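Report on one structure; see the data block that follows.
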Amino acid sequence: MSGRAKDPKPADTDKFMKLDEQKRRRILNATMKEFRYGYKKASTDVIVKDAGISKGLLFHYFGTKEQLFIFTIRYASDLIKKDYFDILDKGEADILEILWQASLLKKDISSQHPYLYDFLNGLYFHIGDVPNLEMHMAFEKEQQAIYDELIGQCNKELFRADINYEKAITIISTTIGGIINDEDVKAISSGGWDDSSYERFLETLREYLDIFRLTFYKGDMKDSEK
């Protein structure tokens with residue numbers, strides 16, 4: 001006679017967030033590393049081994065594998081939002097400079113959480129494997145809202161008068177989005193983002209931003225950058 005499955009223990013993420021920063025980061029990095037290739041394939045045995053903790057302690061903090069996955073999405077999202085809002089708070093009004101600063105932030109974040117963007121990319125590449133699709137969609141909306149807010153504070157006066165601003169923004173956004181997607185694919189196929197991936201990405205991005213500045217911006221604005 002089979003008994004009813006036990007209810008999972010409730011998560012204690014507040015206690016987790018009070019851990020020593022180094023230990024907390026080690027657990028999160030191990031989690032992101034293992035979840036980057038999908039939720040179903042991920043093993044909590046691998047996570048606890050990489051994190052250097054017991055499985056009992058992992059489930060004490062997060063309750064279940066799914067709750068761990070959801071917490072990690074929220075954590076990654078909040079981390080990105082904080083840094084992007086820092087750009088907003090600075091009042092930067094040049095879309096090209098905003099894109100450059102955002103890309104530098106991506107590298108800075110990865111220095112602390114090297115698998116964060118691989119993990120987030122995995123949400124898109126393994127969309128059918130996400131246990132909480134509603135939350136994933138909410139994450140996408142949050143990211144789009146941040147980008148829209150960044151675009152909303154841009155100074156249209158930087159652009160040439162004979163340029164359609166909305167179309168120029170679309171061209172810039174689509175091009176940069178394509179570059180990021182290409183680099184994501186290359187990074188995933190080679191084991192993830194690393195220093196060489198970022199240097200390659202930043203070099204390519206800088207070239208495109210310079211072309212956009214020369215093409216779309218007013219002459220005096222271009223000259224002021226020299």
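Residues are named by chain letter and number: chains run A, B, ... in the order of the structure tokens, numbers start at 1 in each chain, and ligands are numbered from 1 in the order shown.
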So that I can see what lies close to range 156-163 of chain A, please list as number ranges by chain the residues with an atom at most 6 Å from it, counting only C-alpha atoms and leaving out residues fewer than 6 positions away in the same chain. A: 216-218
Any chance you could export the current selection's C-alpha atoms as a PDB file, in the first residue's frame?
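Result file is again06.pdb:
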ATOM      1  CA  PHE A 216      22.213  58.971 -37.394  1.00  0.00           C
ATOM      2  CA  TYR A 217      23.620  61.755 -35.214  1.00  0.00           C
ATOM      3  CA  LYS A 218      24.002  65.440 -35.982  1.00  0.00           C
TER       4      LYS A 218
END
Do you know which residues are at most 8 Å from His113 in chain A counting only C-alpha atoms, after dropping those on the same chain fewer than 4 positions away, and could you put them as a ChimeraX atom specification? /A:25,29,109
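We find CA of Ser196 in chain A and CA of Thr44 in chain A to be spaced 29.6 Å apart.
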Once DSSP has gone over the backbone, tell me which residues of range 56-152 of chain A are in alpha helix (DSSP H), as a ChimeraX atom specification. /A:56-62,65-90,95-112,116-125,133-152
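The interatomic distance for the pair CA of Ala93 in chain A and CA of Cys154 in chain A works out to 4.2 Å.
Take CA of Gln153 in chain A and CA of Phe85 in chain A: the distance between them is 12.0 Å.
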For Lys33 in chain A, which residue out of A:Gly219, A:Gly91, A:Thr72, A:Thr13 is the nearest one, using only C-alpha atoms? A:Thr72
Counting only C-alpha atoms, the residue of A:Leu150, A:Ala168, A:Leu116, A:Ile27 that sits nearest Arg74 in chain A: A:Leu116
